[in-house]
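This is final05.pdb. It holds PDB, C-alpha atoms.
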ATOM      1  CA  MET X   1     -15.218   4.664  15.597
ATOM      2  CA  PRO X   2     -12.799   7.628  15.329
ATOM      3  CA  LEU X   3      -9.138   7.049  16.068
ATOM      4  CA  THR X   4      -8.009   8.001  19.542
ATOM      5  CA  GLN X   5      -5.022  10.242  20.120
ATOM      6  CA  GLU X   6      -3.180   7.144  21.313
ATOM      7  CA  ASP X   7      -4.054   5.378  18.027
ATOM      8  CA  ILE X   8      -2.713   8.293  15.992
ATOM      9  CA  LYS X   9       0.464   8.492  18.052
ATOM     10  CA  ARG X  10       1.067   4.767  17.604
ATOM     11  CA  LEU X  11       0.425   4.851  13.853
ATOM     12  CA  ARG X  12       2.672   7.880  13.392
ATOM     13  CA  GLU X  13       5.525   6.207  15.253
ATOM     14  CA  LYS X  14       5.082   3.060  13.217
ATOM     15  CA  ALA X  15       4.998   5.001   9.940
ATOM     16  CA  LYS X  16       8.246   6.730  10.912
ATOM     17  CA  GLU X  17       9.854   3.358  11.679
ATOM     18  CA  ILE X  18       8.716   1.881   8.385
ATOM     19  CA  ARG X  19       9.921   4.866   6.359
ATOM     20  CA  LYS X  20      13.337   4.621   8.008
ATOM     21  CA  ALA X  21      13.388   0.897   7.262
ATOM     22  CA  ILE X  22      12.622   1.659   3.609
ATOM     23  CA  ILE X  23      15.671   3.931   3.469
ATOM     24  CA  ASP X  24      17.913   1.344   5.118
ATOM     25  CA  ILE X  25      16.722  -1.481   2.869
ATOM     26  CA  THR X  26      17.202   0.635  -0.243
ATOM     27  CA  PHE X  27      20.721   1.499   0.874
ATOM     28  CA  THR X  28      21.784  -2.085   1.611
ATOM     29  CA  ALA X  29      20.054  -3.491  -1.479
ATOM     30  CA  GLY X  30      21.810  -1.017  -3.750
ATOM     31  CA  GLY X  31      18.537   0.419  -5.020
ATOM     32  CA  GLY X  32      14.786   0.078  -4.897
ATOM     33  CA  HIS X  33      11.412   1.514  -5.815
ATOM     34  CA  ILE X  34      11.685   4.019  -3.031
ATOM     35  CA  GLY X  35       9.339   6.857  -4.042
ATOM     36  CA  GLY X  36       6.186   4.775  -4.220
ATOM     37  CA  SER X  37       7.133   2.764  -1.141
ATOM     38  CA  LEU X  38       7.236   6.011   0.840
ATOM     39  CA  SER X  39       3.946   7.284  -0.589
ATOM     40  CA  GLN X  40       2.022   4.094   0.264
ATOM     41  CA  THR X  41       3.324   3.826   3.835
ATOM     42  CA  ASP X  42       0.478   5.492   5.699
ATOM     43  CA  ILE X  43      -2.120   3.449   3.816
ATOM     44  CA  LEU X  44      -0.458   0.137   4.685
ATOM     45  CA  VAL X  45       0.343   1.174   8.257
ATOM     46  CA  THR X  46      -3.309   2.072   8.879
ATOM     47  CA  LEU X  47      -4.448  -1.271   7.484
ATOM     48  CA  TYR X  48      -1.891  -3.528   9.127
ATOM     49  CA  TYR X  49      -1.653  -1.911  12.548
ATOM     50  CA  LYS X  50      -5.314  -1.039  13.048
ATOM     51  CA  TYR X  51      -7.778  -2.946  10.897
ATOM     52  CA  LEU X  52      -6.613  -6.243   9.427
ATOM     53  CA  ASN X  53      -7.762  -9.519  10.927
ATOM     54  CA  ILE X  54      -4.491 -11.455  10.569
ATOM     55  CA  ASP X  55      -2.170 -13.719  12.547
ATOM     56  CA  PRO X  56       1.539 -13.408  11.677
ATOM     57  CA  LYS X  57       2.195 -16.685  13.497
ATOM     58  CA  ASN X  58      -0.263 -18.414  11.163
ATOM     59  CA  PRO X  59       0.156 -16.661   7.777
ATOM     60  CA  LYS X  60      -1.996 -19.237   5.964
ATOM     61  CA  TRP X  61      -4.897 -18.939   8.393
ATOM     62  CA  GLU X  62      -7.952 -19.605   6.250
ATOM     63  CA  ASP X  63     -10.073 -16.833   7.746
ATOM     64  CA  ARG X  64      -7.469 -14.059   7.555
ATOM     65  CA  ASP X  65      -8.102 -10.842   5.669
ATOM     66  CA  ARG X  66      -6.271 -10.758   2.333
ATOM     67  CA  VAL X  67      -4.028  -7.950   1.079
ATOM     68  CA  ILE X  68      -2.954  -7.690  -2.550
ATOM     69  CA  LEU X  69      -0.239  -5.133  -3.261
ATOM     70  CA  SER X  70      -1.006  -4.688  -6.930
ATOM     71  CA  LYS X  71       1.716  -2.039  -7.144
ATOM     72  CA  GLY X  72       4.189  -4.814  -6.482
ATOM     73  CA  HIS X  73       7.146  -2.459  -6.907
ATOM     74  CA  GLY X  74       6.255  -1.209  -3.417
ATOM     75  CA  GLY X  75       7.445  -4.547  -2.104
ATOM     76  CA  LEU X  76      10.345  -3.238  -0.056
ATOM     77  CA  GLY X  77       7.957  -1.114   2.012
ATOM     78  CA  TRP X  78       5.527  -4.019   2.331
ATOM     79  CA  ALA X  79       8.343  -6.352   3.404
ATOM     80  CA  ALA X  80       9.384  -3.863   6.096
ATOM     81  CA  ILE X  81       5.874  -4.046   7.576
ATOM     82  CA  LEU X  82       5.607  -7.839   7.352
ATOM     83  CA  GLY X  83       8.975  -8.210   9.060
ATOM     84  CA  ASP X  84       8.044  -5.745  11.781
ATOM     85  CA  LEU X  85       4.830  -7.692  12.467
ATOM     86  CA  GLY X  86       6.769 -10.913  12.892
ATOM     87  CA  TYR X  87       5.924 -12.853   9.732
ATOM     88  CA  PHE X  88       9.660 -13.530   9.480
ATOM     89  CA  ASP X  89      12.890 -12.464  11.132
ATOM     90  CA  LYS X  90      13.297  -8.888   9.971
ATOM     91  CA  ALA X  91      17.084  -9.294  10.092
ATOM     92  CA  LEU X  92      16.589 -11.122   6.777
ATOM     93  CA  LEU X  93      15.792  -7.759   5.192
ATOM     94  CA  LYS X  94      19.480  -6.862   5.382
ATOM     95  CA  ASN X  95      19.944  -9.163   2.370
ATOM     96  CA  PHE X  96      16.970  -7.784   0.431
ATOM     97  CA  ASN X  97      17.333  -8.535  -3.297
ATOM     98  CA  LYS X  98      20.696 -10.240  -2.762
ATOM     99  CA  THR X  99      21.575 -13.702  -4.092
ATOM    100  CA  GLY X 100      19.833 -16.333  -1.977
ATOM    101  CA  SER X 101      17.466 -13.871  -0.333
ATOM    102  CA  PRO X 102      13.738 -14.715  -0.282
ATOM    103  CA  PHE X 103      13.043 -11.071  -1.153
ATOM    104  CA  GLY X 104      13.097  -9.777  -4.695
ATOM    105  CA  MET X 105      12.006  -6.320  -5.723
ATOM    106  CA  HIS X 106       8.512  -7.783  -6.114
ATOM    107  CA  LEU X 107       7.567 -10.150  -3.293
ATOM    108  CA  ASP X 108       7.020 -13.832  -4.104
ATOM    109  CA  MET X 109       4.104 -15.478  -2.290
ATOM    110  CA  LEU X 110       5.985 -18.802  -2.326
ATOM    111  CA  LYS X 111       8.931 -17.303  -0.456
ATOM    112  CA  VAL X 112       7.572 -14.493   1.739
ATOM    113  CA  PRO X 113       5.113 -15.307   4.570
ATOM    114  CA  GLY X 114       2.249 -12.830   4.643
ATOM    115  CA  CYS X 115       2.357 -12.203   0.889
ATOM    116  CA  ASP X 116      -1.029 -13.313  -0.444
ATOM    117  CA  ALA X 117      -0.156 -12.934  -4.124
ATOM    118  CA  SER X 118       2.924 -12.372  -6.248
ATOM    119  CA  THR X 119       2.482  -9.095  -8.107
ATOM    120  CA  GLY X 120       4.509  -6.748 -10.225
ATOM    121  CA  SER X 121       2.983  -6.974 -13.669
ATOM    122  CA  LEU X 122       0.824  -3.907 -13.169
ATOM    123  CA  GLY X 123      -2.929  -4.095 -13.597
ATOM    124  CA  HIS X 124      -3.320  -7.674 -12.365
ATOM    125  CA  GLY X 125      -3.794  -7.170  -8.638
ATOM    126  CA  LEU X 126      -7.392  -5.966  -8.720
ATOM    127  CA  GLY X 127      -8.430  -9.005 -10.743
ATOM    128  CA  ILE X 128      -6.812 -11.272  -8.153
ATOM    129  CA  ALA X 129      -8.559  -9.360  -5.375
ATOM    130  CA  VAL X 130     -11.928  -9.673  -7.124
ATOM    131  CA  GLY X 131     -11.399 -13.422  -7.351
ATOM    132  CA  LEU X 132     -10.497 -13.681  -3.663
ATOM    133  CA  ALA X 133     -13.518 -11.621  -2.625
ATOM    134  CA  LEU X 134     -15.843 -13.688  -4.792
ATOM    135  CA  GLY X 135     -14.262 -16.866  -3.452
ATOM    136  CA  ALA X 136     -14.900 -15.739   0.118
ATOM    137  CA  ARG X 137     -18.562 -15.230  -0.644
ATOM    138  CA  MET X 138     -18.905 -18.603  -2.354
ATOM    139  CA  ALA X 139     -17.200 -20.333   0.582
ATOM    140  CA  GLY X 140     -19.280 -18.468   3.157
ATOM    141  CA  LYS X 141     -16.193 -16.796   4.623
ATOM    142  CA  ALA X 142     -16.276 -13.444   6.408
ATOM    143  CA  TYR X 143     -12.760 -12.261   5.549
ATOM    144  CA  ARG X 144     -12.277  -9.029   3.640
ATOM    145  CA  THR X 145      -9.964  -8.431   0.702
ATOM    146  CA  TYR X 146      -7.934  -5.256   0.262
ATOM    147  CA  CYS X 147      -6.072  -4.262  -2.896
ATOM    148  CA  VAL X 148      -3.540  -1.420  -3.110
ATOM    149  CA  MET X 149      -2.928  -0.035  -6.598
ATOM    150  CA  GLY X 150      -0.622   2.620  -7.966
ATOM    151  CA  ASP X 151      -2.181   5.357 -10.062
ATOM    152  CA  GLY X 152       0.085   4.655 -13.037
ATOM    153  CA  GLU X 153      -1.316   1.139 -13.347
ATOM    154  CA  LEU X 154      -4.794   2.553 -13.905
ATOM    155  CA  CYS X 155      -3.694   2.937 -17.519
ATOM    156  CA  GLU X 156      -4.081  -0.850 -17.787
ATOM    157  CA  GLY X 157      -7.380  -2.054 -19.225
ATOM    158  CA  SER X 158      -7.380  -5.073 -16.932
ATOM    159  CA  VAL X 159      -8.033  -2.769 -13.975
ATOM    160  CA  TRP X 160     -11.294  -1.642 -15.487
ATOM    161  CA  GLU X 161     -12.285  -5.150 -16.558
ATOM    162  CA  ALA X 162     -11.846  -6.235 -12.942
ATOM    163  CA  SER X 163     -13.833  -3.189 -11.814
ATOM    164  CA  ILE X 164     -16.756  -4.267 -13.967
ATOM    165  CA  ILE X 165     -16.721  -7.791 -12.538
ATOM    166  CA  GLY X 166     -16.355  -6.586  -8.956
ATOM    167  CA  ALA X 167     -19.378  -4.328  -9.291
ATOM    168  CA  PHE X 168     -21.411  -6.958 -11.185
ATOM    169  CA  HIS X 169     -20.972  -9.422  -8.324
ATOM    170  CA  LYS X 170     -21.705  -6.717  -5.725
ATOM    171  CA  LEU X 171     -18.504  -7.512  -3.830
ATOM    172  CA  ASP X 172     -18.988  -5.396  -0.740
ATOM    173  CA  ASN X 173     -16.240  -7.427   0.978
ATOM    174  CA  LEU X 174     -13.674  -5.821  -1.335
ATOM    175  CA  THR X 175     -11.913  -2.507  -0.738
ATOM    176  CA  ALA X 176      -9.382  -1.085  -3.187
ATOM    177  CA  PHE X 177      -6.963   1.768  -2.596
ATOM    178  CA  VAL X 178      -5.313   3.967  -5.206
ATOM    179  CA  ASP X 179      -1.962   5.424  -4.134
ATOM    180  CA  ARG X 180      -2.605   8.651  -6.018
ATOM    181  CA  ASN X 181       0.842  10.273  -5.912
ATOM    182  CA  LYS X 182       0.239  11.597  -9.460
ATOM    183  CA  LEU X 183       3.617  10.367 -10.732
ATOM    184  CA  MET X 184       4.652   7.283 -12.656
ATOM    185  CA  ILE X 185       8.003   6.082 -13.936
ATOM    186  CA  ASP X 186       7.858   8.394 -16.981
ATOM    187  CA  GLY X 187       6.602  11.522 -15.237
ATOM    188  CA  PRO X 188       3.308  13.131 -14.102
ATOM    189  CA  THR X 189       0.365  10.869 -14.841
ATOM    190  CA  GLU X 190      -1.791  13.604 -16.340
ATOM    191  CA  GLU X 191       0.923  14.457 -18.872
ATOM    192  CA  ILE X 192       1.055  10.845 -20.051
ATOM    193  CA  THR X 193      -2.601   9.844 -20.004
ATOM    194  CA  LEU X 194      -5.550  11.532 -18.322
ATOM    195  CA  LEU X 195      -6.843   9.670 -15.283
ATOM    196  CA  GLU X 196      -9.138  12.160 -13.626
ATOM    197  CA  SER X 197     -11.797  12.259 -12.490
ATOM    198  CA  LEU X 198     -11.098   8.954 -10.773
ATOM    199  CA  ASN X 199     -14.019   9.307  -8.390
ATOM    200  CA  GLU X 200     -16.447   9.614 -11.278
ATOM    201  CA  LYS X 201     -14.805   6.826 -13.275
ATOM    202  CA  PHE X 202     -15.037   4.257 -10.477
ATOM    203  CA  ALA X 203     -18.538   5.397  -9.539
ATOM    204  CA  SER X 204     -19.658   4.956 -13.131
ATOM    205  CA  PHE X 205     -18.398   1.371 -12.973
ATOM    206  CA  GLY X 206     -20.634   0.751  -9.960
ATOM    207  CA  TRP X 207     -18.217   1.294  -7.069
ATOM    208  CA  GLU X 208     -18.554   3.357  -3.922
ATOM    209  CA  ALA X 209     -15.832   5.958  -4.514
ATOM    210  CA  LEU X 210     -14.210   7.826  -1.618
ATOM    211  CA  ARG X 211     -11.313  10.265  -1.737
ATOM    212  CA  VAL X 212      -9.045  11.173   1.167
ATOM    213  CA  ASP X 213      -5.669  12.596   2.114
ATOM    214  CA  GLY X 214      -3.546   9.453   2.012
ATOM    215  CA  HIS X 215      -1.267  10.758   4.748
ATOM    216  CA  ASP X 216      -4.057  11.567   7.211
ATOM    217  CA  PHE X 217      -4.680   8.642   9.562
ATOM    218  CA  ASN X 218      -8.086   9.932  10.637
ATOM    219  CA  ALA X 219      -9.203  10.285   7.030
ATOM    220  CA  LEU X 220      -7.883   6.845   6.092
ATOM    221  CA  ALA X 221      -9.527   5.231   9.094
ATOM    222  CA  GLY X 222     -12.834   6.927   8.377
ATOM    223  CA  ALA X 223     -12.796   5.711   4.781
ATOM    224  CA  ILE X 224     -11.901   2.135   5.763
ATOM    225  CA  GLU X 225     -14.704   2.087   8.306
ATOM    226  CA  LYS X 226     -17.127   3.584   5.787
ATOM    227  CA  ALA X 227     -16.190   0.843   3.294
ATOM    228  CA  ARG X 228     -17.141  -1.784   5.857
ATOM    229  CA  THR X 229     -20.681  -0.398   6.001
ATOM    230  CA  VAL X 230     -21.245  -0.227   2.233
ATOM    231  CA  LYS X 231     -23.603  -2.922   0.989
ATOM    232  CA  GLY X 232     -24.072  -4.279  -2.522
ATOM    233  CA  LYS X 233     -20.935  -2.883  -4.157
ATOM    234  CA  PRO X 234     -17.166  -2.701  -3.685
ATOM    235  CA  THR X 235     -15.433   0.440  -2.437
ATOM    236  CA  VAL X 236     -12.410   2.272  -3.782
ATOM    237  CA  ILE X 237     -10.506   4.746  -1.614
ATOM    238  CA  ILE X 238      -8.509   7.182  -3.722
ATOM    239  CA  CYS X 239      -5.657   8.372  -1.536
ATOM    240  CA  ASP X 240      -3.975  11.622  -2.505
ATOM    241  CA  THR X 241      -0.337  11.098  -1.566
ATOM    242  CA  ILE X 242       3.144  12.470  -2.165
ATOM    243  CA  LYS X 243       5.739  10.363  -3.903
ATOM    244  CA  GLY X 244       8.832  10.166  -1.708
ATOM    245  CA  LYS X 245       6.848  11.379   1.321
ATOM    246  CA  CYS X 246       8.989  12.660   4.227
ATOM    247  CA  VAL X 247      12.283  12.755   2.311
ATOM    248  CA  ASP X 248      12.596  16.358   1.220
ATOM    249  CA  TYR X 249      14.862  15.805  -1.781
ATOM    250  CA  MET X 250      12.641  12.998  -3.131
ATOM    251  CA  GLU X 251       9.175  14.451  -2.689
ATOM    252  CA  ASN X 252       7.151  14.954  -5.880
ATOM    253  CA  ASP X 253      10.074  13.918  -8.089
ATOM    254  CA  TYR X 254       9.268  11.112 -10.509
ATOM    255  CA  LYS X 255      12.989  10.395 -10.896
ATOM    256  CA  TRP X 256      12.773   8.747  -7.470
ATOM    257  CA  HIS X 257      10.406   6.084  -8.763
ATOM    258  CA  TYR X 258      13.510   3.897  -8.499
ATOM    259  CA  GLY X 259      16.877   4.857  -7.132
ATOM    260  CA  GLY X 260      19.903   3.941  -5.078
ATOM    261  CA  LEU X 261      21.445   5.684  -2.086
ATOM    262  CA  ASP X 262      25.018   6.254  -1.060
ATOM    263  CA  SER X 263      25.783   6.728   2.641
ATOM    264  CA  ASP X 264      25.448  10.510   2.478
ATOM    265  CA  MET X 265      22.058  10.332   0.742
ATOM    266  CA  ARG X 266      20.900   7.709   3.231
ATOM    267  CA  ASP X 267      21.865   9.900   6.173
ATOM    268  CA  LYS X 268      20.120  12.927   4.668
ATOM    269  CA  ALA X 269      16.991  10.862   4.015
ATOM    270  CA  LEU X 270      16.891   9.535   7.584
ATOM    271  CA  ALA X 271      17.428  13.045   8.967
ATOM    272  CA  SER X 272      14.617  14.385   6.789
ATOM    273  CA  ILE X 273      12.231  11.724   8.093
ATOM    274  CA  GLU X 274      13.233  12.479  11.666
ATOM    275  CA  ASN X 275      12.718  16.212  11.098
ATOM    276  CA  PHE X 276       9.309  15.691   9.541
ATOM    277  CA  TYR X 277       7.957  13.789  12.517
ATOM    278  CA  ALA X 278       9.607  16.132  15.012
ATOM    279  CA  LYS X 279       7.769  19.107  13.480
ATOM    280  CA  ALA X 280       4.388  17.492  12.847
TER
END
Spit out the file's structure as structure tokens when you get a sec.
Amino acid sequence: MPLTQEDIKRLREKAKEIRKAIIDITFTAGGGHIGGSLSQTDILVTLYYKYLNIDPKNPKWEDRDRVILSKGHGGLGWAAILGDLGYFDKALLKNFNKTGSPFGMHLDMLKVPGCDASTGSLGHGLGIAVGLALGARMAGKAYRTYCVMGDGELCEGSVWEASIIGAFHKLDNLTAFVDRNKLMIDGPTEEITLLESLNEKFASFGWEALRVDGHDFNALAGAIEKARTVKGKPTVIICDTIKGKCVDYMENDYKWHYGGLDSDMRDKALASIENFYAKA
């Protein structure tokens, strides 16, 4: 079912809120993986505020959908969403990555409600997701598993090992996303190791491969709904995104993979986000 105009308006407002929260958390924490947190925002907002079957009041609910943020360095953006949904008091985010805080740069499933797996060592998340999806089938559970990967981590062989297993077991209850911002910590992905054509690679491993604009809510929604209809194989949604999305001085700059903000930079970032949504 296509998104309504009211759906799009609500998702846009929520994405703006989350992006501003990412800026504030980065500022108070003294630094963070800000570029990739901004690029993944629309993917996670679409999932969490439209499609996931979850209950923030019961984060261990057995029948909940599972989300694995394989690109665990996007944890500050993920934490902003979990706090906004009510998994915990979002005032706790003011101490993000500080001594005694439950939040590190990579979220810990033993400390953060709503975090289904501790991630950060890149390339491991898809394997975890494959295991969860297979476990759901074996237990006769209807929940779906979603895994969000960064494009840089596709250099890891474990991603492709997990892809083989996911396809072999015909895990049509598994949907993976690639946050394809085309930049990794060392620079442009294609200058470090060739990844394209990702559609053809995943398809050759036995996956349904879709590709969308990762900042277009209609496109994201259509792909998620398409994945729910696919039978006999898992689906990957390759999302073309912009690192540092909505902050003009960060966009498409790999140097903002990780960074800190002083008060002036914070204010400029917040103003840039506000301007983006005012114009769009």
Any chance you could work out the residue set of the PyMOL selection byres ((chain X and resi 79-87) around 8) here, as a ChimeraX atom specification? /X:18,21-22,45,48,56-57,59,75-78,88-90,93,107,113-114
Export C-alpha atoms of the chosen residues as a short mmCIF file (atom, residue, chain, number, x, y, z; two decimals), in the coordinates of the input?
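Saved the output as again-v1.cif:
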data_model
loop_
_atom_site.label_atom_id
_atom_site.label_comp_id
_atom_site.auth_asym_id
_atom_site.auth_seq_id
_atom_site.Cartn_x
_atom_site.Cartn_y
_atom_site.Cartn_z
CA ILE X 18 8.72 1.88 8.38
CA ALA X 21 13.39 0.90 7.26
CA ILE X 22 12.62 1.66 3.61
CA VAL X 45 0.34 1.17 8.26
CA TYR X 48 -1.89 -3.53 9.13
CA PRO X 56 1.54 -13.41 11.68
CA LYS X 57 2.19 -16.68 13.50
CA PRO X 59 0.16 -16.66 7.78
CA GLY X 75 7.44 -4.55 -2.10
CA LEU X 76 10.34 -3.24 -0.06
CA GLY X 77 7.96 -1.11 2.01
CA TRP X 78 5.53 -4.02 2.33
CA PHE X 88 9.66 -13.53 9.48
CA ASP X 89 12.89 -12.46 11.13
CA LYS X 90 13.30 -8.89 9.97
CA LEU X 93 15.79 -7.76 5.19
CA LEU X 107 7.57 -10.15 -3.29
CA PRO X 113 5.11 -15.31 4.57
CA GLY X 114 2.25 -12.83 4.64
#
By how many Å are atom CA of Ser70 of chain X and atom CA of Leu126 of chain X apart?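 About the pair atom CA of Ser70 of chain X and atom CA of Leu126 of chain X: they are 6.8 Å apart.
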Mind telling me what the PyMOL selection byres ((chain X and resi 149-151) around 6) catches here, as a list in words?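 When the PyMOL selection byres ((chain X and resi 149-151) around 6) is applied, the selected residues are Ser70, Lys71, Val148, Gly152, Glu153, Leu154, Phe177, Val178, Asp179 and Arg180 of chain X.
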What is the distance between atom CA of Gly222 of chain X and atom CA of Asp42 of chain X, in Å to one decimal?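 If I compute the distance from atom CA of Gly222 of chain X to atom CA of Asp42 of chain X, I get 13.7 Å.
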If the PyMOL selection byres ((chain X and resi 169) around 10) is run on the structure shown, which residues does it catch, given as a ChimeraX atom specification? /X:130,133-134,137,164-168,170-172,232-234
Which residue is closest to Ala129 of chain X? Choose from X:Ala176, X:Ala29, X:Ile34, X:Leu210 and count all atoms listed in the file. X:Ala176
Between X:Asp24, X:Glu196, X:Asp253, X:Asp116, which is the closest to Tyr146 of chain X once you count all atoms listed in the file?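 The shortest atom-to-atom distance to Tyr146 of chain X comes from X:Asp116.
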Under the rule of at most 6 Å, produce a per-residue listing of segment 104-189 of chain X near segment 60-68 of chain X: chain, number, name, the closest pair of atoms, and the distance in Å, as CSV, using only C-alpha atoms.
residue,atom,partner,partner_atom,distance
X:Tyr143,CA,X:Asp65,CA,4.9
X:Arg144,CA,X:Asp65,CA,5.0
X:Thr145,CA,X:Arg66,CA,4.7
X:Tyr146,CA,X:Val67,CA,4.8
X:Cys147,CA,X:Ile68,CA,4.6
Dump as a VMD selection string all residues having an atom at most 7 Å from (-9.2, -7.8, -12.4), computed in the file's coordinates with only C-alpha atoms. chain X and resid 124 to 128 130 158 to 159 161 to 163
Between atom CA of Tyr277 of chain X and atom CA of Arg12 of chain X, distance in Å (one decimal): 8.0 Å
Extract, using all atoms listed in the file, all DNA, RNA and protein residues at most 6 Å from segment 236-247 of chain X, discarding same-chain residues fewer than 3 positions from it, and format them as a PyMOL selection string. chain X and resi 35-36+38-39+175-181+209-214+250-252+269+272-273
Kindly save the residues from that selection, with C-alpha atoms included, as a CSV table (one decimal), in the frame of the given file.
chain,number,residue,atom,x,y,z
X,35,GLY,CA,9.3,6.9,-4.0
X,36,GLY,CA,6.2,4.8,-4.2
X,38,LEU,CA,7.2,6.0,0.8
X,39,SER,CA,3.9,7.3,-0.6
X,175,THR,CA,-11.9,-2.5,-0.7
X,176,ALA,CA,-9.4,-1.1,-3.2
X,177,PHE,CA,-7.0,1.8,-2.6
X,178,VAL,CA,-5.3,4.0,-5.2
X,179,ASP,CA,-2.0,5.4,-4.1
X,180,ARG,CA,-2.6,8.7,-6.0
X,181,ASN,CA,0.8,10.3,-5.9
X,209,ALA,CA,-15.8,6.0,-4.5
X,210,LEU,CA,-14.2,7.8,-1.6
X,211,ARG,CA,-11.3,10.3,-1.7
X,212,VAL,CA,-9.0,11.2,1.2
X,213,ASP,CA,-5.7,12.6,2.1
X,214,GLY,CA,-3.5,9.5,2.0
X,250,MET,CA,12.6,13.0,-3.1
X,251,GLU,CA,9.2,14.5,-2.7
X,252,ASN,CA,7.2,15.0,-5.9
X,269,ALA,CA,17.0,10.9,4.0
X,272,SER,CA,14.6,14.4,6.8
X,273,ILE,CA,12.2,11.7,8.1
Quick one: of X:Ile224, X:Phe205, X:Gly140, X:Ser197, who's nearest to Leu174 of chain X, counting only C-alpha atoms?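 For Leu174 of chain X, the nearest of the given residues is X:Ile224.
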Which residue out of X:His106, X:Lys231, X:Lys20, X:His215 has the minimum interatomic distance to Arg266 of chain X when all atoms listed in the file are used?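 Nearest candidate to Arg266 of chain X out of X:His106, X:Lys231, X:Lys20, X:His215: X:Lys20.
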Smallest atom-to-atom distance to Arg19 of chain X: which of X:Met265, X:Ala271, X:Leu198, X:Ala219, using only C-alpha atoms? X:Ala271
Residues at most 9 Å from segment 3-5 of chain X, counting only C-alpha atoms, excluding those fewer than 2 positions away in the same chain, as an MDAnalysis selection string? chainID X and resid 1 7:10 217:218 221:222
Using all atoms listed in the file for the distances, tell me which of X:Thr28, X:Asn58, X:Thr235, X:Thr99 is nearest to Asn173 of chain X.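 So, comparing all the options, the nearest one is X:Thr235.
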